[in-house]
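Participant: My structure file data-v9.tsv, TSV, C-alpha atoms, is below:
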```tsv
chain	number	residue	atom	x	y	z
A	23	MET	CA	-20.19	-15.16	15.61
A	24	VAL	CA	-19.30	-11.60	16.55
A	25	ARG	CA	-19.71	-9.11	13.76
A	26	THR	CA	-17.23	-6.34	14.52
A	27	VAL	CA	-13.65	-6.16	15.74
A	28	ALA	CA	-14.85	-4.12	18.72
A	29	GLN	CA	-16.83	-7.13	19.96
A	30	LEU	CA	-13.87	-9.54	19.99
A	31	ARG	CA	-12.33	-10.79	23.20
A	32	THR	CA	-8.62	-10.08	23.30
A	33	PRO	CA	-6.00	-11.09	22.55
A	34	ALA	CA	-7.46	-12.14	19.19
A	35	LEU	CA	-5.70	-13.31	16.04
A	36	LEU	CA	-6.83	-11.39	12.96
A	37	ILE	CA	-6.44	-12.07	9.24
A	38	ASP	CA	-6.97	-9.03	7.04
A	39	THR	CA	-8.98	-10.72	4.29
A	40	PRO	CA	-8.14	-8.43	1.32
A	41	THR	CA	-4.41	-8.67	2.08
A	42	PHE	CA	-4.63	-12.43	2.56
A	43	GLU	CA	-6.34	-12.91	-0.79
A	44	ALA	CA	-3.82	-10.63	-2.49
A	45	ASN	CA	-0.99	-12.75	-1.05
A	46	LEU	CA	-2.56	-15.91	-2.43
A	47	ALA	CA	-2.97	-14.31	-5.85
A	48	ALA	CA	0.65	-13.14	-5.87
A	49	MET	CA	1.85	-16.67	-5.13
A	50	ASP	CA	-0.47	-18.23	-7.69
A	51	ALA	CA	0.93	-15.95	-10.37
A	52	VAL	CA	4.36	-17.53	-9.87
A	53	LEU	CA	3.60	-21.04	-8.57
A	54	PRO	CA	0.19	-22.22	-9.74
A	55	GLY	CA	-1.31	-25.60	-8.89
A	56	PRO	CA	1.15	-28.39	-8.06
A	57	ARG	CA	4.18	-26.09	-8.35
A	58	LEU	CA	3.34	-25.04	-4.78
A	59	ARG	CA	3.05	-27.52	-1.92
A	60	PRO	CA	1.68	-25.26	0.85
A	61	HIS	CA	3.28	-25.88	4.24
A	62	VAL	CA	0.61	-26.09	6.91
A	63	LYS	CA	3.12	-25.64	9.74
A	64	ALA	CA	2.74	-21.90	9.19
A	65	THR	CA	-1.05	-21.66	9.23
A	66	LYS	CA	-2.22	-24.79	11.15
A	67	SER	CA	-5.80	-24.66	9.90
A	68	THR	CA	-7.62	-27.22	7.78
A	69	THR	CA	-10.16	-24.57	6.79
A	70	LEU	CA	-7.38	-22.39	5.45
A	71	ALA	CA	-5.82	-25.42	3.74
A	72	ARG	CA	-9.15	-26.24	2.11
A	73	HIS	CA	-9.30	-22.66	0.82
A	74	LEU	CA	-5.90	-23.19	-0.82
A	75	ALA	CA	-7.06	-26.51	-2.27
A	76	GLU	CA	-10.03	-24.76	-3.84
A	77	GLY	CA	-7.47	-22.46	-5.47
A	78	GLY	CA	-5.69	-25.41	-7.08
A	79	HIS	CA	-3.09	-26.40	-4.46
A	80	ARG	CA	-4.11	-29.92	-3.49
A	81	SER	CA	-0.79	-31.26	-2.22
A	82	PHE	CA	0.38	-30.19	1.23
A	83	CYS	CA	3.40	-30.61	3.43
A	84	ALA	CA	3.49	-30.67	7.20
A	85	ALA	CA	5.99	-30.66	10.03
A	86	THR	CA	4.32	-33.01	12.52
A	87	PRO	CA	2.31	-36.25	12.42
A	88	ARG	CA	-0.53	-34.36	14.09
A	89	GLU	CA	-0.75	-32.01	11.12
A	90	ILE	CA	-0.91	-34.96	8.72
A	91	GLU	CA	-3.64	-36.60	10.81
A	92	GLY	CA	-5.66	-33.40	10.78
A	93	LEU	CA	-5.40	-32.98	7.02
A	94	VAL	CA	-6.56	-36.57	6.50
A	95	ALA	CA	-9.49	-36.08	8.88
A	96	ALA	CA	-10.47	-33.02	6.86
A	97	GLY	CA	-10.44	-35.01	3.62
A	98	LEU	CA	-7.35	-33.32	2.19
A	99	VAL	CA	-5.74	-36.59	1.19
A	100	ASP	CA	-4.46	-36.29	-2.38
A	101	ASP	CA	-0.73	-35.90	-1.67
A	102	LEU	CA	0.62	-35.25	1.82
A	103	LEU	CA	4.28	-34.93	2.75
A	104	LEU	CA	5.67	-35.04	6.25
A	105	ALA	CA	8.68	-32.87	5.43
A	106	ASN	CA	10.46	-34.02	8.53
A	107	GLU	CA	12.04	-37.15	9.94
A	108	THR	CA	10.02	-39.11	12.47
A	109	LEU	CA	10.10	-42.45	14.25
A	110	ASP	CA	6.40	-42.09	15.10
A	111	THR	CA	5.35	-43.62	11.78
A	112	ALA	CA	2.71	-46.15	12.83
A	113	ARG	CA	0.12	-43.38	13.22
A	114	LEU	CA	0.82	-42.38	9.60
A	115	GLY	CA	0.85	-45.94	8.30
A	116	ALA	CA	-2.59	-46.38	9.85
A	117	LEU	CA	-3.84	-43.71	7.45
A	118	SER	CA	-2.27	-45.19	4.32
A	119	GLU	CA	-5.58	-46.61	3.05
A	120	ARG	CA	-7.20	-43.19	3.28
A	121	ALA	CA	-4.46	-40.85	2.04
A	122	ASN	CA	-1.33	-40.67	-0.06
A	123	ILE	CA	1.34	-39.96	2.55
A	124	THR	CA	5.07	-39.51	1.96
A	125	VAL	CA	7.68	-39.13	4.68
A	126	ALA	CA	11.16	-37.60	4.58
A	127	VAL	CA	14.00	-39.96	5.54
A	128	ASP	CA	17.73	-39.37	5.93
A	129	SER	CA	19.12	-42.50	7.62
A	130	ARG	CA	18.79	-46.25	7.95
A	131	ALA	CA	16.85	-45.76	11.19
A	132	THR	CA	14.23	-43.47	9.65
A	133	ILE	CA	13.88	-45.75	6.62
A	134	GLU	CA	13.34	-48.75	8.87
A	135	ALA	CA	10.79	-46.79	10.88
A	136	ALA	CA	8.90	-45.82	7.72
A	137	ALA	CA	8.83	-49.40	6.46
A	138	SER	CA	7.84	-50.96	9.79
A	139	GLY	CA	5.25	-48.27	10.44
A	140	GLY	CA	3.36	-48.93	7.23
A	141	VAL	CA	4.36	-45.78	5.33
A	142	ARG	CA	4.42	-46.48	1.61
A	143	SER	CA	6.54	-43.74	0.06
A	144	VAL	CA	9.48	-41.52	1.02
A	145	LEU	CA	11.65	-38.66	-0.14
A	146	ILE	CA	15.36	-38.81	0.56
A	147	ASP	CA	16.12	-35.71	2.61
A	148	VAL	CA	19.43	-34.17	1.54
A	149	ASN	CA	21.33	-31.59	3.57
A	150	VAL	CA	21.99	-28.55	1.38
A	151	GLY	CA	23.64	-26.32	3.99
A	152	LEU	CA	21.22	-25.76	6.87
A	153	PRO	CA	22.58	-27.47	10.01
A	154	ARG	CA	19.49	-29.58	10.54
A	155	CYS	CA	18.13	-32.83	9.07
A	156	GLY	CA	19.27	-34.40	5.82
A	157	CYS	CA	21.91	-36.85	4.68
A	158	GLU	CA	25.07	-35.86	2.88
A	159	PRO	CA	24.41	-35.67	-0.89
A	160	ALA	CA	26.80	-38.56	-1.58
A	161	GLU	CA	24.82	-40.80	0.80
A	162	ALA	CA	21.49	-40.27	-0.96
A	163	PRO	CA	21.79	-43.05	-3.63
A	164	ALA	CA	22.58	-45.76	-1.08
A	165	LEU	CA	19.71	-44.65	1.15
A	166	ALA	CA	17.36	-44.71	-1.83
A	167	GLU	CA	18.48	-48.26	-2.62
A	168	LEU	CA	17.91	-49.28	0.99
A	169	ALA	CA	14.45	-47.73	0.96
A	170	ARG	CA	13.45	-49.53	-2.21
A	171	SER	CA	14.78	-52.84	-0.91
A	172	SER	CA	12.61	-52.24	2.18
A	173	GLY	CA	9.51	-52.06	0.01
A	174	LEU	CA	9.19	-48.27	-0.04
A	175	GLU	CA	8.50	-46.14	-3.09
A	176	VAL	CA	11.20	-43.48	-3.44
A	177	ARG	CA	9.45	-40.53	-5.04
A	178	GLY	CA	12.56	-38.37	-5.20
A	179	VAL	CA	14.45	-35.98	-2.94
A	180	MET	CA	13.91	-32.93	-0.78
A	181	GLY	CA	16.28	-30.34	0.63
A	182	TYR	CA	15.61	-27.21	2.65
A	183	GLU	CA	17.71	-24.10	2.12
A	184	GLY	CA	16.30	-22.52	5.28
A	185	HIS	CA	19.59	-20.78	6.02
A	186	LEU	CA	19.09	-18.69	2.86
A	187	LEU	CA	15.45	-17.62	3.15
A	188	MET	CA	16.31	-14.38	4.92
A	189	VAL	CA	19.33	-13.31	2.85
A	190	THR	CA	18.48	-9.66	2.25
A	191	ASP	CA	20.17	-9.06	-1.09
A	192	ARG	CA	18.11	-10.70	-3.81
A	193	ALA	CA	21.01	-11.43	-6.14
A	194	GLU	CA	22.97	-13.06	-3.34
A	195	ARG	CA	19.91	-15.02	-2.25
A	196	ALA	CA	19.41	-16.31	-5.78
A	197	GLN	CA	23.06	-17.24	-6.25
A	198	ARG	CA	23.41	-19.06	-2.94
A	199	THR	CA	20.08	-20.84	-3.49
A	200	ALA	CA	21.28	-22.06	-6.89
A	201	GLU	CA	24.47	-23.38	-5.28
A	202	ALA	CA	22.50	-25.21	-2.59
A	203	MET	CA	20.06	-26.63	-5.11
A	204	ALA	CA	22.90	-27.89	-7.29
A	205	LEU	CA	23.64	-30.33	-4.48
A	206	LEU	CA	20.01	-31.41	-4.42
A	207	THR	CA	19.57	-31.82	-8.18
A	208	HIS	CA	22.76	-33.88	-8.42
A	209	ALA	CA	21.38	-36.16	-5.71
A	210	ALA	CA	18.04	-36.26	-7.53
A	211	ASP	CA	19.72	-37.48	-10.72
A	212	GLU	CA	21.25	-40.37	-8.80
A	213	VAL	CA	18.26	-41.19	-6.62
A	214	GLY	CA	15.58	-41.08	-9.33
A	215	GLY	CA	11.91	-40.25	-8.95
A	216	ASP	CA	9.86	-37.31	-10.11
A	217	VAL	CA	9.93	-35.05	-7.06
A	218	VAL	CA	12.52	-32.44	-6.14
A	219	SER	CA	10.99	-30.65	-3.17
A	220	GLY	CA	12.30	-27.70	-1.20
A	221	GLY	CA	12.23	-23.97	-0.82
A	222	GLY	CA	10.15	-21.63	1.29
A	223	THR	CA	8.56	-18.20	1.25
A	224	GLY	CA	11.91	-16.40	1.13
A	225	THR	CA	13.15	-18.30	-1.94
A	226	PHE	CA	9.84	-19.13	-3.62
A	227	ASP	CA	10.71	-17.31	-6.85
A	228	VAL	CA	14.50	-17.70	-6.96
A	229	ASN	CA	14.51	-21.45	-6.38
A	230	THR	CA	14.03	-22.63	-9.95
A	231	SER	CA	15.48	-26.11	-9.41
A	232	CYS	CA	12.71	-27.73	-7.39
A	233	THR	CA	9.64	-29.27	-8.97
A	234	GLU	CA	7.62	-27.98	-6.01
A	235	ILE	CA	8.12	-25.27	-3.38
A	236	GLN	CA	7.22	-25.76	0.29
A	237	ALA	CA	6.10	-22.23	1.17
A	238	GLY	CA	3.63	-21.45	3.94
A	239	SER	CA	4.25	-18.08	5.59
A	240	TYR	CA	3.48	-16.15	2.38
A	241	ALA	CA	-0.25	-16.39	3.04
A	242	LEU	CA	-0.14	-14.40	6.28
A	243	LEU	CA	3.43	-13.03	6.39
A	244	ASP	CA	5.21	-11.52	9.38
A	245	THR	CA	7.53	-8.61	10.08
A	246	ASP	CA	10.61	-10.76	9.48
A	247	TYR	CA	9.65	-11.72	5.92
A	248	ASP	CA	8.28	-8.22	5.35
A	249	THR	CA	11.87	-6.93	5.27
A	250	LEU	CA	12.52	-8.80	2.01
A	251	ASP	CA	11.65	-7.91	-1.57
A	252	LEU	CA	8.63	-10.21	-1.71
A	253	PRO	CA	5.25	-9.54	-3.36
A	254	PHE	CA	3.40	-10.27	-0.12
A	255	ALA	CA	2.14	-8.06	2.70
A	256	LYS	CA	1.39	-8.59	6.39
A	257	ALA	CA	-2.11	-10.03	6.78
A	258	LEU	CA	-1.77	-11.41	10.33
A	259	SER	CA	-2.09	-9.27	13.44
A	260	VAL	CA	-2.89	-9.70	17.10
A	261	LEU	CA	-5.64	-7.48	18.45
A	262	ALA	CA	-5.14	-6.33	22.05
A	263	THR	CA	-6.94	-4.06	24.49
A	264	VAL	CA	-5.30	-1.24	26.41
A	265	ILE	CA	-5.72	-2.07	30.10
A	266	SER	CA	-3.54	0.62	31.70
A	267	VAL	CA	-2.23	4.07	30.80
A	268	SER	CA	0.77	5.53	32.60
A	269	ALA	CA	1.25	9.22	33.27
A	270	LYS	CA	4.86	8.62	32.24
A	271	GLY	CA	3.79	8.03	28.66
A	272	TRP	CA	3.51	4.30	28.12
A	273	ILE	CA	0.40	2.19	27.71
A	274	ILE	CA	-0.16	-1.50	28.55
A	275	ALA	CA	-2.20	-3.93	26.45
A	276	ASP	CA	-3.33	-7.46	27.20
A	277	ALA	CA	-1.17	-9.48	24.78
A	278	GLY	CA	2.25	-10.65	25.88
A	279	LEU	CA	4.61	-13.58	25.49
A	280	LYS	CA	1.72	-16.04	25.52
A	281	ALA	CA	0.20	-14.41	22.43
A	282	PHE	CA	3.31	-14.15	20.22
A	283	GLY	CA	6.13	-16.26	18.88
A	284	MET	CA	9.15	-14.34	20.14
A	285	ASP	CA	12.03	-16.26	18.56
A	286	HIS	CA	12.38	-13.59	15.86
A	287	GLY	CA	12.00	-10.70	18.27
A	288	ASN	CA	9.26	-8.42	19.52
A	289	PRO	CA	6.08	-7.75	17.57
A	290	SER	CA	5.82	-4.30	16.02
A	291	TRP	CA	3.22	-1.57	16.31
A	292	ASP	CA	2.36	1.05	13.70
A	293	ASP	CA	1.60	3.76	16.29
A	294	GLY	CA	4.83	3.60	18.26
A	295	GLU	CA	7.48	1.43	19.84
A	296	VAL	CA	7.13	-1.92	21.54
A	297	PHE	CA	8.99	-1.36	24.80
A	298	PHE	CA	8.89	-4.95	26.06
A	299	CYS	CA	6.66	-8.03	26.46
A	300	SER	CA	5.91	-9.86	29.68
A	301	ASP	CA	3.73	-12.92	30.15
A	302	GLU	CA	0.27	-11.39	29.61
A	303	HIS	CA	1.20	-7.77	28.93
A	304	ILE	CA	2.87	-5.69	26.25
A	305	THR	CA	4.25	-2.25	27.08
A	306	LEU	CA	3.95	0.27	24.26
A	307	LEU	CA	5.41	3.74	23.81
A	308	PRO	CA	3.08	5.72	21.53
A	309	THR	CA	4.65	8.08	19.03
A	310	ASP	CA	1.88	10.60	19.72
A	311	ALA	CA	0.01	11.42	22.90
A	312	VAL	CA	-3.27	10.89	21.04
A	313	SER	CA	-4.50	7.81	19.21
A	314	SER	CA	-5.65	7.65	15.60
A	315	ASN	CA	-9.11	8.85	16.59
A	316	GLY	CA	-7.63	12.10	17.87
A	317	ALA	CA	-8.23	11.45	21.58
A	318	ALA	CA	-5.73	10.74	24.32
A	319	TRP	CA	-4.89	7.08	24.82
A	320	LYS	CA	-7.26	5.50	27.31
A	321	VAL	CA	-8.12	2.19	28.89
A	322	GLY	CA	-10.31	0.24	26.46
A	323	ASP	CA	-8.59	1.38	23.26
A	324	ARG	CA	-7.71	-1.39	20.80
A	325	VAL	CA	-4.28	-1.87	19.22
A	326	ARG	CA	-3.18	-4.18	16.38
A	327	LEU	CA	0.26	-5.71	16.71
A	328	TRP	CA	2.32	-7.39	13.97
A	329	PRO	CA	4.01	-10.70	14.89
A	330	ALA	CA	7.66	-11.22	13.98
A	331	HIS	CA	7.15	-14.95	13.26
A	332	VAL	CA	3.92	-16.43	11.92
A	333	ASP	CA	4.26	-20.11	12.85
A	334	PRO	CA	4.72	-20.02	16.65
A	335	THR	CA	2.33	-17.08	16.98
A	336	VAL	CA	-0.47	-19.00	15.28
A	337	ALA	CA	0.19	-22.02	17.52
A	338	ARG	CA	-0.72	-19.92	20.58
A	339	HIS	CA	-4.27	-19.20	19.39
A	340	GLN	CA	-7.43	-21.26	18.90
A	341	ARG	CA	-8.94	-19.49	15.92
A	342	TYR	CA	-8.50	-16.86	13.25
A	343	HIS	CA	-10.91	-13.96	12.92
A	344	LEU	CA	-11.11	-12.91	9.28
A	345	VAL	CA	-11.71	-9.19	9.06
A	346	ASP	CA	-12.40	-6.62	6.38
A	347	GLY	CA	-11.85	-3.23	7.94
A	348	ASP	CA	-13.70	-3.36	11.24
A	349	ASP	CA	-16.06	-6.14	10.16
A	350	VAL	CA	-15.51	-9.75	11.21
A	351	VAL	CA	-16.50	-11.77	8.14
A	352	ASP	CA	-15.59	-15.29	9.27
A	353	GLU	CA	-13.85	-17.42	11.89
A	354	TRP	CA	-11.52	-20.35	11.12
A	355	GLU	CA	-10.44	-22.84	13.73
A	356	ILE	CA	-6.69	-23.36	14.18
A	357	ASP	CA	-7.06	-27.12	14.50
A	358	LEU	CA	-3.58	-28.41	13.54
A	359	ARG	CA	-1.74	-27.33	16.69
A	360	HIS	CA	0.14	-29.69	18.98
A	361	TRP	CA	2.10	-32.82	18.07
```
Before anything else, please render the file you have as structure tokens.
Facilitator:
Amino acid sequence: MVRTVAQLRTPALLIDTPTFEANLAAMDAVLPGPRLRPHVKATKSTTLARHLAEGGHRSFCAATPREIEGLVAAGLVDDLLLANETLDTARLGALSERANITVAVDSRATIEAAASGGVRSVLIDVNVGLPRCGCEPAEAPALAELARSSGLEVRGVMGYEGHLLMVTDRAERAQRTAEAMALLTHAADEVGGDVVSGGGTGTFDVNTSCTEIQAGSYALLDTDYDTLDLPFAKALSVLATVISVSAKGWIIADAGLKAFGMDHGNPSWDDGEVFFCSDEHITLLPTDAVSSNGAAWKVGDRVRLWPAHVDPTVARHQRYHLVDGDDVVDEWEIDLRHW
């Protein structure tokens, strides 16, 4: 393993270890133990998940069957939730002797798929305002009855207020979250079960209705979430190398569209403006003609860039490099990518 940031091949995905640990501590102070069900779709690493388990969070949720399979292979089997509808249930049923796996369902078809695929337990997914998956609240009791008659354990309900996670004003975010969760808790009363699952990093502390919160991005954070009043800081960056310097003032580094999730916009840079990204290049406009070391920008300089969206950025890389200052202290494989 390389020992310093200067030795890394670029582009490289970095986790600032002190910031990362501070983020975990800030979450634990609000949602200790089973109150948090970390969402591995954000971090996609069984090593990172095991680190969270050692901190008391032993239940996980995932977005894809591949993520569930990876968690099981890593021995993280206590309580896994596929917080998404799927018809590809046989691969999960095949793991039912090794792990406690629950799947979200919102229709007769997804219930039938869960039962025929060998899945043993489900949550009824209720739409609480985001135009995505989830049944209408009034449909939840009948779906729960159908699931039970199909031999499935109905553990409770889930609902994702994803349309509210980025509401800037905290009071408005709390009020609208409470309104969305009122739909979910009413459905929970009629469905039965012990689990009311939902939430995310943006609403982790204002969603007081759920028995567990499905947050994931908090551990690493991104520039999008960094605009909110959250007790977390950016721990994830992409290290790039300057490969060209223009006499017209811009510099080019070797991390472009293939190194970042761009659905939330360009990455940001502390030393200037991100002009634009192309496939393998990022064009930067430095604020000053000299870099932080006091010399003019030159080919070979390193720059750290902040992603706008954690999840798709992580999916473009094979490993994390954990750093403390300029020291590389560990490497963690990103082994939960793909489908």
Participant: What does the structure give for the distance between atom CA of A:Val217 and atom CA of A:Ile146, in Å to one decimal?
Facilitator: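 Rounded to one decimal, the two atoms are 10.1 Å apart.
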Participant: Taking all atoms listed in the file into account, name the residue in A:Val99, A:Ala262, A:Ala277, A:Leu327 that is nearest to A:Asp293.
Facilitator: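 For A:Asp293, the nearest of the candidates is A:Leu327.
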Participant: In file coordinates, which residues lie within 8 Å of (2.3, 1.3, 19.4) using only C-alpha atoms, given as a ChimeraX atom specification?
Facilitator: /A:290-296,306-309,325,327
Participant: How would you write as a list in words the residues that get within 12 Å of (3.0, -26.6, -11.4) in the file's frame, counting all atoms listed in the file?
Facilitator: Met49, Asp50, Ala51, Val52, Leu53, Pro54, Gly55, Pro56, Arg57, Leu58, Arg59, Gly78, His79, Arg80, Ser81, Val217, Thr230, Cys232, Thr233, Glu234 and Ile235 of chain A
Participant: In Å, rounded to a single decimal, give me how far atom CA of A:Glu194 is from atom CA of A:Tyr240.
Facilitator: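 Pair atom CA of A:Tyr240 / atom CA of A:Glu194 returns 20.5 Å.
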Participant: Considering all atoms listed in the file, return as a list in words whatever protein or nucleic-acid residues lie within 12 Å of A:Arg31, sequence-local ones (same chain, fewer than 2 positions apart) excluded.
Facilitator: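 Answer for this query is Met23, Val24, Thr26, Val27, Ala28, Gln29, Pro33, Ala34, Leu35, Leu36, Val260, Leu261, Ala262, Thr263, Asp276, Ala277, Gly322, Arg324, Arg341 and His343 of chain A.
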Participant: Can you pull out the residues contacting A:Trp361? Cut-off 7 Å, using only C-alpha atoms, and skip same-chain residues under 4 positions away; I want them as a list of chain:residue names.
Facilitator: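 Once the adjacent positions are removed, what remains is A:Thr86, A:Pro87, A:Arg88.
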Participant: Between A:His73, A:Arg130, A:Lys320, A:Arg113, single out the one closest to A:Glu91, counting all atoms listed in the file.
Facilitator: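 Going through A:His73, A:Arg130, A:Lys320, A:Arg113 one by one, the smallest distance to A:Glu91 is for A:Arg113.
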Participant: Using only C-alpha atoms, find the one residue out of A:Phe226, A:Phe282, A:Phe298, A:Phe82 that sits nearest to A:His339.
Facilitator: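 The answer is A:Phe282, which sits nearest to A:His339.
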Participant: What's the separation between atom CA of A:Ile265 and atom CA of A:Pro329, in Å to one decimal place?
Facilitator: 20.0 Å
Participant: With distances taken over only C-alpha atoms, which residue among A:Cys155, A:Ile123, A:Leu174, A:Ala160 lies nearest A:Ala137?
Facilitator: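 Comparing A:Cys155, A:Ile123, A:Leu174, A:Ala160 against A:Ala137, the winner is A:Leu174.
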Participant: Put a box with edges along x, y and z around all the listed atoms of stretch 25-43 of chain A, pad it by 5 Å on each side, then give me its centre and sizes in Å, one decimal, as lines of an AutoDock Vina configuration file.
Facilitator:
```
center_x = -12.1
center_y = -8.7
center_z = 11.3
size_x = 25.3
size_y = 19.2
size_z = 34.1
```
Participant: Quick one: residues within 6 Å of A:Ser143, only C-alpha atoms, excluding same-chain residues fewer than 5 positions away - as a PyMOL selection string?
Facilitator: chain A and resi 124+174-176
Participant: Just want the 12 Å neighbourhood of A:Ala71, counted on only C-alpha atoms, with same-chain residues fewer than 6 positions away dropped. Output as an MDAnalysis selection string.
Facilitator: chainID A and resid 46 59:65 77:84 89:90 92:94 96:99 102 238 241 354:358
Participant: Which of these residues is nearest to A:Leu152, using only C-alpha atoms: A:Asp211, A:Ala116, A:Gly221, A:Ser171?
Facilitator: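 Once distances to A:Leu152 are computed over only C-alpha atoms, the minimum belongs to A:Gly221.
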Participant: So, with only C-alpha atoms as the atoms that count, which of A:Glu167, A:Asp251, A:Glu119, A:Asp128 lies closest to A:Arg192?
Facilitator: A:Asp251
Participant: Can you tell me, as JSON, numbers by chain, what residues are no more than 8 Å from A:Val332 when counting all atoms listed in the file, ignoring any on the same chain fewer than 5 positions away?
Facilitator: {"A": [64, 65, 239, 242, 243, 244, 258, 283]}
Participant: Could those residues be written to a file, using C-alpha atoms, as a PDB file, in the coordinates of the input?
Facilitator:
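The new file again_29.pdb reads:
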```pdb
ATOM      1  CA  ALA A  64       2.740 -21.900   9.190  1.00  0.00           C
ATOM      2  CA  THR A  65      -1.050 -21.660   9.230  1.00  0.00           C
ATOM      3  CA  SER A 239       4.250 -18.080   5.590  1.00  0.00           C
ATOM      4  CA  LEU A 242      -0.140 -14.400   6.280  1.00  0.00           C
ATOM      5  CA  LEU A 243       3.430 -13.030   6.390  1.00  0.00           C
ATOM      6  CA  ASP A 244       5.210 -11.520   9.380  1.00  0.00           C
ATOM      7  CA  LEU A 258      -1.770 -11.410  10.330  1.00  0.00           C
ATOM      8  CA  GLY A 283       6.130 -16.260  18.880  1.00  0.00           C
TER       9      GLY A 283
END
```
